[in-house]
file query16.txt (compact mmCIF, C-alpha atoms)
# COMPACT_ATOMS: atom_id res chain seq x y z
CA MET Q 30 -39.79 14.72 -18.76
CA THR Q 31 -37.63 14.89 -21.87
CA LEU Q 32 -35.29 12.06 -22.73
CA GLU Q 33 -32.26 14.32 -22.14
CA ARG Q 34 -33.48 15.17 -18.63
CA GLU Q 35 -34.12 11.53 -17.82
CA LEU Q 36 -30.59 10.63 -18.92
CA ALA Q 37 -29.09 13.46 -16.86
CA ALA Q 38 -30.86 12.07 -13.77
CA LEU Q 39 -28.99 8.77 -14.08
CA VAL Q 40 -26.03 9.95 -11.97
CA GLY Q 41 -26.34 8.87 -8.35
CA ASP Q 42 -23.87 8.93 -5.47
CA LEU Q 43 -20.43 7.42 -5.61
CA PRO Q 44 -20.81 3.85 -4.31
CA GLU Q 45 -19.17 3.06 -1.01
CA GLY Q 46 -15.62 1.78 -1.09
CA ILE Q 47 -14.46 3.35 -4.35
CA SER Q 48 -12.73 6.40 -2.88
CA GLU Q 49 -11.15 4.17 -0.23
CA GLY Q 50 -10.00 1.74 -2.94
CA VAL Q 51 -8.47 4.65 -4.84
CA ALA Q 52 -6.74 5.90 -1.68
CA LEU Q 53 -5.17 2.45 -1.16
CA GLY Q 54 -4.30 2.07 -4.85
CA THR Q 55 -2.59 5.44 -5.08
CA GLY Q 56 -0.77 5.18 -1.75
CA LEU Q 57 -2.72 8.12 -0.28
CA ALA Q 58 -3.74 5.74 2.51
CA ASP Q 59 -2.19 2.61 3.99
CA GLY Q 60 -4.08 -0.58 4.76
CA PHE Q 61 -3.91 -2.46 8.06
CA ASP Q 62 -4.63 -6.02 9.15
CA TYR Q 63 -4.14 -8.18 12.23
CA TYR Q 64 -1.65 -11.03 12.54
CA GLU Q 65 -0.53 -13.42 15.25
CA SER Q 66 3.02 -13.18 16.60
CA PRO Q 67 5.04 -14.93 19.34
CA ILE Q 68 4.13 -12.05 21.68
CA GLY Q 69 0.43 -11.79 20.79
CA THR Q 70 -1.76 -10.13 18.16
CA VAL Q 71 -0.05 -7.40 16.16
CA VAL Q 72 -1.27 -4.83 13.63
CA VAL Q 73 0.60 -4.62 10.34
CA THR Q 74 0.25 -1.58 8.04
CA PHE Q 75 1.10 -1.77 4.35
CA ASN Q 76 0.97 0.09 1.06
CA LEU Q 77 2.17 -0.20 -2.56
CA THR Q 78 5.82 -0.11 -1.45
CA GLY Q 79 5.53 -2.80 1.21
CA VAL Q 80 5.01 -3.18 4.95
CA SER Q 81 5.13 0.29 6.52
CA GLY Q 82 4.58 -0.45 10.19
CA LEU Q 83 3.94 -3.00 12.92
CA GLY Q 84 2.53 -2.47 16.39
CA LEU Q 85 0.95 -4.33 19.28
CA ALA Q 86 -2.81 -4.62 18.75
CA GLY Q 87 -3.95 -2.98 21.99
CA ASP Q 88 -1.45 -0.10 21.79
CA ASP Q 89 -2.07 3.35 20.39
CA TRP Q 90 -0.43 2.32 17.12
CA GLN Q 91 -2.93 4.21 14.94
CA THR Q 92 -2.02 7.63 16.39
CA HIS Q 93 1.67 6.75 16.19
CA PHE Q 94 1.34 5.72 12.56
CA GLN Q 95 -0.51 8.85 11.54
CA LYS Q 96 1.93 11.11 13.38
CA ARG Q 97 4.86 9.40 11.67
CA THR Q 98 3.51 9.18 8.11
CA GLY Q 99 0.63 11.68 7.84
CA ARG Q 100 -1.35 9.04 5.93
CA ALA Q 101 -4.81 7.68 6.58
CA LEU Q 102 -5.41 4.05 7.56
CA LEU Q 103 -8.05 1.68 6.18
CA ARG Q 104 -8.87 -1.89 7.11
CA ALA Q 105 -7.57 -3.88 4.14
CA GLU Q 106 -6.00 -7.08 2.92
CA ALA Q 107 -2.26 -7.04 2.22
CA PRO Q 108 -1.24 -7.00 -1.48
CA ARG Q 109 -1.67 -10.45 -2.99
CA ALA Q 110 1.87 -10.39 -4.44
CA TRP Q 111 3.40 -11.02 -1.01
CA ALA Q 112 0.58 -11.38 1.57
CA ARG Q 113 1.14 -15.13 1.96
CA HIS Q 114 4.73 -14.54 3.12
CA LEU Q 115 3.72 -12.13 5.88
CA PRO Q 116 2.88 -14.60 8.69
CA GLU Q 117 6.21 -16.34 8.17
CA ALA Q 118 8.12 -13.02 8.15
CA ILE Q 119 6.55 -12.16 11.52
CA GLU Q 120 7.18 -15.59 13.03
CA ALA Q 121 10.73 -15.92 11.69
CA GLY Q 122 11.69 -12.33 12.44
CA ARG Q 123 13.02 -11.35 9.02
CA PRO Q 124 11.43 -9.59 6.03
CA GLY Q 125 12.30 -12.44 3.63
CA LYS Q 126 10.07 -12.07 0.57
CA VAL Q 127 8.05 -9.24 2.10
CA PRO Q 128 9.04 -5.76 0.84
CA VAL Q 129 9.38 -3.03 3.48
CA ASP Q 130 8.63 0.68 3.25
CA LEU Q 131 11.25 2.66 5.17
CA ARG Q 132 10.56 6.05 3.57
CA THR Q 133 9.94 7.70 6.94
CA VAL Q 134 13.48 7.10 8.25
CA THR Q 135 16.77 8.79 7.28
CA PRO Q 136 19.21 7.05 4.89
CA PHE Q 137 21.54 6.16 7.79
CA GLN Q 138 18.65 4.78 9.84
CA GLU Q 139 17.56 2.76 6.81
CA LYS Q 140 21.07 1.33 6.50
CA VAL Q 141 21.06 0.42 10.21
CA LEU Q 142 17.68 -1.31 9.84
CA GLU Q 143 18.89 -3.20 6.77
CA VAL Q 144 21.84 -4.48 8.80
CA THR Q 145 19.50 -5.33 11.70
CA ALA Q 146 17.31 -7.36 9.33
CA ARG Q 147 20.30 -9.59 8.55
CA ILE Q 148 21.00 -10.63 12.17
CA PRO Q 149 20.25 -14.36 12.20
CA ARG Q 150 17.45 -15.76 14.33
CA GLY Q 151 18.58 -16.71 17.81
CA GLU Q 152 21.66 -14.47 17.71
CA VAL Q 153 22.25 -10.98 19.12
CA ARG Q 154 24.47 -8.05 18.14
CA SER Q 155 25.37 -4.77 19.81
CA TYR Q 156 24.59 -1.17 18.82
CA ALA Q 157 28.32 -0.63 18.27
CA TRP Q 158 28.39 -3.55 15.84
CA LEU Q 159 25.38 -2.11 13.97
CA ALA Q 160 27.03 1.32 13.69
CA LYS Q 161 30.17 -0.29 12.30
CA GLU Q 162 28.27 -2.50 9.81
CA ALA Q 163 26.22 0.50 8.69
CA GLY Q 164 29.45 2.27 7.78
CA ARG Q 165 29.74 4.77 10.66
CA PRO Q 166 31.57 3.05 13.55
CA SER Q 167 31.45 6.15 15.75
CA ALA Q 168 27.69 6.67 15.33
CA VAL Q 169 26.70 4.22 18.08
CA ARG Q 170 24.06 6.52 19.59
CA ALA Q 171 22.58 7.25 16.15
CA ALA Q 172 22.41 3.50 15.51
CA GLY Q 173 20.64 3.18 18.86
CA SER Q 174 18.00 5.75 17.96
CA ALA Q 175 17.53 4.16 14.52
CA VAL Q 176 16.71 0.88 16.24
CA ALA Q 177 14.47 2.62 18.78
CA ARG Q 178 12.51 4.18 15.89
CA ASN Q 179 12.26 0.94 13.93
CA PRO Q 180 8.80 1.23 12.35
CA ILE Q 181 8.56 -2.53 11.71
CA PRO Q 182 9.71 -4.38 14.86
CA LEU Q 183 9.55 -8.21 14.82
CA MET Q 184 9.99 -8.30 11.02
CA ILE Q 185 13.08 -6.10 11.30
CA PRO Q 186 14.37 -7.92 14.38
CA CYS Q 187 15.55 -5.08 16.62
CA HIS Q 188 14.93 -7.46 19.54
CA ARG Q 189 18.24 -9.06 18.46
CA VAL Q 190 20.13 -5.85 19.21
CA VAL Q 191 21.51 -5.61 22.75
CA ARG Q 192 23.63 -3.07 24.63
CA SER Q 193 27.32 -3.04 23.84
CA ASP Q 194 28.08 -4.38 27.34
CA GLY Q 195 25.94 -7.39 26.47
CA ARG Q 196 22.91 -6.48 28.58
CA ILE Q 197 19.50 -6.94 26.97
CA GLY Q 198 18.43 -3.27 27.04
CA ASN Q 199 15.15 -1.63 26.09
CA TYR Q 200 12.53 -2.67 23.58
CA SER Q 201 10.15 -0.50 21.57
CA LEU Q 202 7.38 -3.08 21.14
CA GLY Q 203 5.72 -2.98 24.53
CA ASN Q 204 8.47 -3.56 27.10
CA PRO Q 205 11.79 -5.40 27.73
CA ALA Q 206 9.82 -8.48 28.84
CA ASN Q 207 8.66 -8.86 25.23
CA LYS Q 208 12.27 -8.69 24.06
CA LEU Q 209 13.20 -11.48 26.51
CA ALA Q 210 10.20 -13.53 25.41
CA LEU Q 211 11.16 -13.17 21.74
CA LEU Q 212 14.80 -14.10 22.32
CA ASP Q 213 13.68 -17.05 24.40
CA HIS Q 214 11.24 -18.08 21.63
CA GLU Q 215 14.15 -18.07 19.17
CA GLY Q 216 16.32 -20.18 21.49
CA ALA Q 217 18.75 -17.38 22.35
CA ASP Q 218 18.43 -17.96 26.13
CA PRO Q 219 18.41 -14.40 27.47
CA LEU Q 220 19.42 -15.50 30.98
CA TRP Q 221 22.58 -17.06 29.60
CA LEU Q 222 23.24 -13.85 27.64
CA GLU Q 223 22.82 -11.73 30.77
CA LYS Q 224 25.12 -14.08 32.69
CA LEU Q 225 27.83 -13.76 30.00
CA ALA Q 226 27.41 -9.99 30.17
CA SER Q 227 27.69 -9.89 33.95
CA ARG Q 228 30.91 -11.90 33.74
CA GLY Q 229 32.25 -9.44 31.17
CA ILE Q 230 32.47 -11.99 28.36
CA ARG Q 231 32.39 -10.18 24.98
CA PHE Q 232 33.62 -12.85 22.57
CA ARG Q 233 34.20 -16.58 22.47
CA ALA Q 234 36.97 -18.27 20.52
CA ASN Q 235 37.74 -21.73 19.19
CA ILE Q 236 41.27 -22.69 20.23
CA ARG Q 237 41.59 -25.19 17.34
CA THR Q 238 40.41 -23.00 14.45
CA LYS Q 239 41.85 -19.85 16.08
CA ILE Q 240 38.66 -17.96 15.18
CA PHE Q 241 36.74 -15.72 17.59
CA CYS Q 242 33.02 -14.89 17.35
CA HIS Q 243 30.13 -13.12 19.03
CA PRO Q 244 28.98 -15.43 21.84
CA THR Q 245 25.70 -16.18 20.00
CA CYS Q 246 27.23 -16.83 16.55
CA ARG Q 247 26.06 -20.20 15.28
CA HIS Q 248 29.65 -21.19 14.43
CA ILE Q 249 31.00 -20.89 17.94
CA ARG Q 250 27.86 -22.47 19.40
CA ARG Q 251 28.43 -25.46 17.16
CA SER Q 252 32.05 -25.88 18.39
CA LYS Q 253 32.88 -28.61 20.93
CA PRO Q 254 32.70 -27.08 24.45
CA GLU Q 255 36.26 -28.21 25.27
CA ASN Q 256 37.58 -26.14 22.34
CA VAL Q 257 35.79 -22.89 23.34
CA VAL Q 258 37.34 -20.16 25.50
CA ASP Q 259 35.75 -16.94 26.78
CA LEU Q 260 37.34 -13.62 25.86
CA HIS Q 261 36.67 -10.50 27.94
CA GLY Q 262 37.73 -7.77 25.55
CA ILE Q 263 39.35 -6.96 22.26
CA GLU Q 264 42.85 -7.20 23.83
CA GLU Q 265 42.28 -10.92 24.51
CA THR Q 266 41.61 -11.63 20.83
CA VAL Q 267 45.31 -11.41 19.94
CA GLY Q 268 46.29 -14.58 18.07
CA TYR Q 269 42.73 -15.19 16.83
CA GLN Q 270 41.07 -14.32 13.50
CA PRO Q 271 37.64 -12.65 13.55
CA CYS Q 272 34.81 -14.85 12.28
CA GLU Q 273 33.79 -13.92 8.72
CA VAL Q 274 30.14 -14.70 9.38
CA CYS Q 275 29.39 -12.69 12.54
CA ARG Q 276 32.23 -10.18 11.94
CA PRO Q 277 32.81 -9.45 15.66
CA VAL Q 278 35.18 -6.49 15.00
CA MET I 24 -19.45 27.81 -13.30
CA GLU I 25 -18.41 24.19 -13.42
CA ASP I 26 -15.54 25.22 -15.73
CA HIS I 27 -14.23 27.74 -13.20
CA MET I 28 -14.39 25.13 -10.47
CA ASP I 29 -12.47 22.70 -12.64
CA ASP I 30 -9.82 25.35 -13.36
CA ASP I 31 -9.37 25.92 -9.63
CA LEU I 32 -9.19 22.20 -9.03
CA VAL I 33 -6.54 21.71 -11.72
CA ARG I 34 -4.45 24.58 -10.35
CA ALA I 35 -4.67 23.15 -6.84
CA LEU I 36 -3.74 19.75 -8.26
CA ALA I 37 -0.63 21.19 -9.91
CA THR I 38 0.65 22.67 -6.64
CA ASP I 39 -0.49 19.96 -4.20
CA LEU I 40 -1.28 16.69 -5.96
CA TYR I 41 -1.30 14.61 -2.76
CA GLY I 42 -3.63 16.93 -0.87
CA THR I 43 -5.95 17.73 -3.78
CA PHE I 44 -6.46 14.35 -5.41
CA PRO I 45 -9.16 13.22 -2.94
CA ARG I 46 -11.22 16.21 -4.18
CA VAL I 47 -10.89 14.94 -7.76
CA VAL I 48 -12.24 11.58 -6.63
CA GLU I 49 -15.09 13.29 -4.79
CA ARG I 50 -15.95 15.61 -7.70
CA MET I 51 -15.47 13.33 -10.71
CA GLY I 52 -15.89 9.88 -9.20
CA ARG I 53 -19.67 9.70 -9.28
CA ARG I 54 -20.03 10.80 -12.91
CA LEU I 55 -17.26 8.39 -13.84
CA TYR I 56 -18.93 5.50 -12.02
CA TRP I 57 -22.47 6.14 -13.29
CA GLY I 58 -21.29 6.77 -16.84
CA LEU I 59 -19.34 3.51 -16.81
CA ARG I 60 -22.23 1.79 -15.11
CA ARG I 61 -24.63 2.73 -17.90
CA MET I 62 -22.07 1.83 -20.57
CA SER I 63 -21.23 -1.59 -19.11
CA GLY I 64 -24.50 -2.42 -17.37
CA ASP I 65 -22.53 -4.02 -14.53
CA HIS I 66 -21.80 -2.74 -11.03
CA HIS I 67 -18.55 -4.61 -10.44
CA GLU I 68 -17.12 -3.71 -13.81
CA ALA I 69 -18.02 -0.04 -13.35
CA GLU I 70 -16.62 -0.08 -9.80
CA ASP I 71 -13.35 -1.69 -10.96
CA LEU I 72 -12.94 0.65 -13.92
CA THR I 73 -13.70 3.77 -11.87
CA GLN I 74 -11.14 2.79 -9.27
CA GLU I 75 -8.55 1.78 -11.86
CA THR I 76 -9.07 4.98 -13.88
CA LEU I 77 -8.54 7.21 -10.86
CA ILE I 78 -5.47 5.26 -9.76
CA ARG I 79 -3.93 5.45 -13.25
CA ALA I 80 -4.75 9.15 -13.38
CA TYR I 81 -2.96 9.73 -10.08
CA GLN I 82 0.08 7.75 -11.23
CA ALA I 83 0.20 9.74 -14.48
CA LEU I 84 -0.14 13.07 -12.65
CA CYS I 85 2.80 12.14 -10.40
CA GLY I 86 5.02 12.26 -13.49
CA TYR I 87 3.57 15.47 -14.98
CA GLN I 88 5.18 18.90 -14.71
CA HIS I 89 3.22 21.77 -13.11
CA ASP I 90 2.34 23.40 -16.49
CA ARG I 91 1.17 20.17 -18.03
CA ILE I 92 -1.27 19.59 -15.16
CA CYS I 93 -2.54 23.19 -15.45
CA GLU I 94 -3.37 22.64 -19.12
CA LEU I 95 -5.34 19.44 -18.47
CA LYS I 96 -9.04 19.25 -19.17
CA LEU I 97 -9.55 16.97 -16.25
CA GLU I 98 -12.82 15.22 -16.95
CA PRO I 99 -12.29 14.44 -20.68
CA TRP I 100 -8.79 13.28 -19.78
CA LEU I 101 -10.17 10.90 -17.13
CA TRP I 102 -12.59 9.55 -19.72
CA THR I 103 -9.76 8.96 -22.19
CA ILE I 104 -8.12 6.78 -19.53
CA ALA I 105 -11.41 5.07 -18.61
CA LEU I 106 -12.34 4.23 -22.21
CA ASN I 107 -8.85 2.86 -22.92
CA LEU I 108 -8.98 0.72 -19.80
CA GLY I 109 -12.43 -0.52 -20.74
CA ARG I 110 -11.04 -1.63 -24.08
CA ASN I 111 -7.93 -3.29 -22.72
CA HIS I 112 -9.13 -4.55 -19.36
CA LEU I 113 -5.70 -4.23 -17.90
CA ARG I 114 -5.25 -5.43 -14.36
CA SER I 115 -2.28 -4.82 -12.11
CA LYS I 116 -3.82 -5.11 -8.72
CA SER I 117 -1.70 -7.75 -7.06
CA ARG I 118 0.76 -5.21 -5.60
CA ARG I 119 -1.99 -3.17 -3.96
CA PRO I 120 -3.74 -3.49 -0.64
CA THR I 121 -7.43 -4.25 -1.18
CA LEU I 122 -10.09 -2.67 0.96
CA VAL I 123 -11.99 -4.87 3.40
CA LYS I 124 -15.58 -3.67 3.44
CA LEU I 125 -16.73 -4.01 7.00
CA THR I 126 -20.41 -3.75 6.14
CA GLU I 127 -21.06 -6.10 3.28
CA PRO I 128 -24.48 -7.66 3.47
CA GLN I 129 -24.78 -9.84 0.37
CA GLY I 130 -26.07 -8.08 -2.71
CA VAL I 131 -26.93 -4.81 -0.95
CA GLU I 132 -23.69 -3.07 -1.92
CA ASP I 133 -24.92 -2.57 -5.52
CA PRO I 134 -26.30 1.00 -5.48
CA GLU I 135 -28.48 0.48 -8.60
CA MET I 136 -31.33 2.90 -9.25
CA VAL I 137 -34.97 1.84 -9.51
CA ASP I 138 -35.13 2.04 -13.29
CA GLY I 139 -31.45 1.11 -13.87
CA ALA I 140 -32.20 -2.26 -15.46
CA ALA I 141 -34.64 -0.65 -17.92
CA TRP I 142 -32.00 1.88 -18.98
CA ASP I 143 -29.39 -0.86 -19.40
CA ARG I 144 -31.79 -2.74 -21.69
CA ARG I 145 -32.47 0.37 -23.80
CA LEU I 146 -28.84 1.50 -23.97
CA ASN I 147 -27.70 -2.03 -24.70
CA ALA I 148 -29.82 -1.94 -27.88
CA LEU I 149 -27.58 0.86 -29.20
CA PRO I 150 -24.35 0.24 -31.15
CA PRO I 151 -21.36 0.72 -28.75
CA THR I 152 -20.18 4.03 -30.28
CA GLN I 153 -23.67 5.55 -30.03
CA ARG I 154 -24.11 4.26 -26.49
CA THR I 155 -20.76 5.75 -25.40
CA ALA I 156 -21.51 9.09 -27.08
CA VAL I 157 -25.04 9.37 -25.64
CA VAL I 158 -23.90 8.45 -22.11
CA LEU I 159 -20.95 10.87 -22.20
CA ARG I 160 -23.11 13.70 -23.56
CA HIS I 161 -26.30 13.32 -21.55
CA VAL I 162 -25.52 11.23 -18.45
CA VAL I 163 -22.01 12.52 -17.71
CA GLY I 164 -22.59 15.93 -19.29
CA LEU I 165 -19.44 16.32 -21.39
CA GLY I 166 -19.39 18.76 -24.34
CA ILE I 167 -19.16 17.54 -27.94
CA ASP I 168 -15.50 18.62 -28.21
CA GLU I 169 -14.67 16.86 -24.97
CA ILE I 170 -16.30 13.65 -26.16
CA ALA I 171 -14.39 13.87 -29.44
CA GLU I 172 -11.19 14.24 -27.40
CA ALA I 173 -11.97 11.38 -25.02
CA THR I 174 -13.10 8.93 -27.70
CA GLY I 175 -10.61 10.02 -30.35
CA ARG I 176 -13.41 10.43 -32.92
CA PRO I 177 -14.14 13.46 -35.12
CA VAL I 178 -16.60 16.06 -33.80
CA GLY I 179 -18.99 15.46 -36.71
CA THR I 180 -19.09 11.72 -36.05
CA VAL I 181 -19.73 12.29 -32.35
CA LYS I 182 -22.66 14.59 -33.18
CA THR I 183 -24.11 11.98 -35.55
CA ASP I 184 -23.65 9.22 -32.94
CA ILE I 185 -25.49 11.25 -30.30
CA HIS I 186 -28.27 12.23 -32.69
CA ARG I 187 -28.82 8.68 -33.93
CA GLY I 188 -28.46 7.22 -30.43
CA LEU I 189 -31.11 9.55 -29.00
CA GLY I 190 -33.39 8.80 -31.95
CA ARG I 191 -33.10 5.11 -31.36
CA LEU I 192 -33.73 5.51 -27.61
CA ARG I 193 -36.91 7.48 -28.37
CA THR I 194 -38.11 4.74 -30.69
CA ILE I 195 -37.40 2.09 -28.06
CA MET I 196 -39.24 4.05 -25.38
CA GLU I 197 -42.22 4.72 -27.62
CA ALA I 198 -42.44 1.01 -28.29
CA GLU I 199 -42.34 0.41 -24.52
CA THR I 200 -45.28 2.76 -23.91
CA TYR I 201 -47.17 1.16 -26.78
CA ASP I 202 -46.52 -2.34 -25.32
CA ALA I 203 -47.62 -1.17 -21.89
CA ARG I 204 -50.90 0.17 -23.26
CA ALA I 205 -51.62 -2.92 -25.32
call {"tool": "encode", "arguments": {"input": "query16.txt", "output": "structure tokens"}}
result
Amino acid sequence: MTLERELAALVGDLPEGISEGVALGTGLADGFDYYESPIGTVVVTFNLTGVSGLGLAGDDWQTHFQKRTGRALLRAEAPRAWARHLPEAIEAGRPGKVPVDLRTVTPFQEKVLEVTARIPRGEVRSYAWLAKEAGRPSAVRAAGSAVARNPIPLMIPCHRVVRSDGRIGNYSLGNPANKLALLDHEGADPLWLEKLASRGIRFRANIRTKIFCHPTCRHIRRSKPENVVDLHGIEETVGYQPCEVCRPV
Amino acid sequence: MEDHMDDDLVRALATDLYGTFPRVVERMGRRLYWGLRRMSGDHHEAEDLTQETLIRAYQALCGYQHDRICELKLEPWLWTIALNLGRNHLRSKSRRPTLVKLTEPQGVEDPEMVDGAAWDRRLNALPPTQRTAVVLRHVVGLGIDEIAEATGRPVGTVKTDIHRGLGRLRTIMEAETYDARA
């Protein structure tokens, strides 16, 4: 065999893993990995932009993901730049230092999810409040569907969004029991919330500071019980200022 | 034949980058890897550079207009990127997910050929420019013009490098046969 022929025979197959590595590096595929959460093992998907999805491990999350994004999925490790913050983001229920990829939702839905991500741990807000904070007060139903389609539950804490009448409502990650478990885990006491709702209590006010809040706002919860009064509707807030932190209206 | 296929590939790339790029990886990836493998003599370095080259290529293509992609000579262009990366050893991997290989028995993942080590020894005896030129011409199969483009060296110099490189390889291999007989 001539030297030239021998050299030409030095090309073998493409080693395993390279095309997958390229797919992950170009964003043609997303990676996925398993993490522990307060409601069991979850699957997190991620790419160059950030975390792109989160689902319950046993569920049919893979089909859902592919239907939503059209991208392939490969078992991978999260990008080193922020991987170490991921367990805390899941436990604490806020993105924190973890970037999120919300390219599959509309601009309004993205705005709603951004607002949702800012609801403090252990507090709840209504769909109406979300719509208002997202800049379209009348789009309550659209805010509701944005939350229902939240691709990254837990990290974007849609479990902290309840019905405008104060009832707990549905939950996309499994079932409403998971929502109750999460709120309970965060110290939000869902039974107390339901009781407030059944009694028609929408706001609570401090009679000394003359400020009214959402019932779960940390400011009103910190007030002395003897200074707190229950308010049943917006008409009862006359004479009080809305809280600047929870912005109840 | 190969040229026509590359033209089709480039045209498809210009209209549907996302859908076509996996075909570029499939078509060019192995020559890229084995060329880099014989130049560097190291599996991990060749693997890293192949991956990095293809990722950089994709990122660059994302910013190219349709016509510019159509005019690309894909394989020499990939080699321009690969050779630059090899020189600079740039790394920017911390923002990327990294593949978890589910089947990774220690040491088996290196796909080296039976006589790979012998070729590394021979090629390693060549000056770097001759080694690069010989590998690109005879392992990868690029044309002289394409090598000149990828390496940024004049056509005449490339020809000389290949000629001298092959000559030196022949000498080395003759010496090997002589040693084996002795």
call {"tool": "interface_residues", "arguments": {"input": "query16.txt", "of": "chain I", "to": "chain Q", "cutoff": "6 Å", "atoms": "only C-alpha atoms", "output": "list in words"}}
result
Arg53, Trp57, Gln74, Ile78, Ser117, Arg118, Arg119, Pro120, Thr121, Leu122, Val123, His161 and Val162 of chain I
call {"tool": "atom_distance", "arguments": {"input": "query16.txt", "atom1": "atom CA of Ala210 of chain Q", "atom2": "atom CA of Ile68 of chain Q"}}
result
7.3 Å
call {"tool": "residues_around", "arguments": {"input": "query16.txt", "residues": "Ile170 of chain I", "least_positions_apart": "4", "cutoff": "9 Å", "atoms": "only C-alpha atoms", "output": "ChimeraX atom specification"}}
result
/I:99,102-103,156,159-160,165-166,174-176,178,181
call {"tool": "atom_distance", "arguments": {"input": "query16.txt", "atom1": "atom CA of Arg189 of chain Q", "atom2": "atom CA of Cys242 of chain Q"}}
result
15.9 Å
call {"tool": "closest_residue", "arguments": {"input": "query16.txt", "among": "Q:Arg154, Q:His261, Q:Arg192, Q:Arg276", "to": "His248 of chain Q", "atoms": "all atoms listed in the file"}}
result
Q:Arg276
call {"tool": "build_atoms", "arguments": {"input": "query16.txt", "residues": "segment 28-42 of chain I", "atoms": "N, CA and C atoms", "output": "mmCIF file, keeping the file's coordinate frame"}}
result
data_model
loop_
_atom_site.group_PDB
_atom_site.id
_atom_site.type_symbol
_atom_site.label_atom_id
_atom_site.label_comp_id
_atom_site.auth_asym_id
_atom_site.auth_seq_id
_atom_site.Cartn_x
_atom_site.Cartn_y
_atom_site.Cartn_z
ATOM 1 N N MET I 28 -14.721 26.019 -11.569
ATOM 2 C CA MET I 28 -14.390 25.130 -10.470
ATOM 3 C C MET I 28 -13.322 24.128 -10.904
ATOM 4 N N ASP I 29 -13.462 23.645 -12.143
ATOM 5 C CA ASP I 29 -12.470 22.700 -12.640
ATOM 6 C C ASP I 29 -11.101 23.347 -12.793
ATOM 7 N N ASP I 30 -11.092 24.629 -13.251
ATOM 8 C CA ASP I 30 -9.820 25.350 -13.360
ATOM 9 C C ASP I 30 -9.136 25.449 -12.003
ATOM 10 N N ASP I 31 -9.925 25.814 -10.983
ATOM 11 C CA ASP I 31 -9.370 25.920 -9.630
ATOM 12 C C ASP I 31 -8.818 24.579 -9.170
ATOM 13 N N LEU I 32 -9.577 23.542 -9.458
ATOM 14 C CA LEU I 32 -9.190 22.200 -9.030
ATOM 15 C C LEU I 32 -7.869 21.802 -9.691
ATOM 16 N N VAL I 33 -7.752 22.066 -10.990
ATOM 17 C CA VAL I 33 -6.540 21.710 -11.720
ATOM 18 C C VAL I 33 -5.342 22.493 -11.201
ATOM 19 N N ARG I 34 -5.556 23.776 -10.893
ATOM 20 C CA ARG I 34 -4.450 24.580 -10.350
ATOM 21 C C ARG I 34 -4.006 24.045 -8.992
ATOM 22 N N ALA I 35 -4.995 23.698 -8.163
ATOM 23 C CA ALA I 35 -4.670 23.150 -6.840
ATOM 24 C C ALA I 35 -3.923 21.815 -6.996
ATOM 25 N N LEU I 36 -4.346 21.054 -7.990
ATOM 26 C CA LEU I 36 -3.740 19.750 -8.260
ATOM 27 C C LEU I 36 -2.271 19.905 -8.648
ATOM 28 N N ALA I 37 -1.988 20.960 -9.430
ATOM 29 C CA ALA I 37 -0.630 21.190 -9.910
ATOM 30 C C ALA I 37 0.313 21.576 -8.775
ATOM 31 N N THR I 38 -0.227 22.267 -7.737
ATOM 32 C CA THR I 38 0.650 22.670 -6.640
ATOM 33 C C THR I 38 0.672 21.645 -5.509
ATOM 34 N N ASP I 39 -0.436 20.936 -5.289
ATOM 35 C CA ASP I 39 -0.490 19.960 -4.200
ATOM 36 C C ASP I 39 -1.291 18.733 -4.642
ATOM 37 N N LEU I 40 -0.621 17.880 -5.409
ATOM 38 C CA LEU I 40 -1.280 16.690 -5.960
ATOM 39 C C LEU I 40 -1.828 15.800 -4.852
ATOM 40 N N TYR I 41 -0.963 15.525 -3.852
ATOM 41 C CA TYR I 41 -1.300 14.610 -2.760
ATOM 42 C C TYR I 41 -2.537 15.090 -1.995
ATOM 43 N N GLY I 42 -2.537 16.399 -1.674
ATOM 44 C CA GLY I 42 -3.630 16.930 -0.870
ATOM 45 C C GLY I 42 -4.915 17.145 -1.663
#
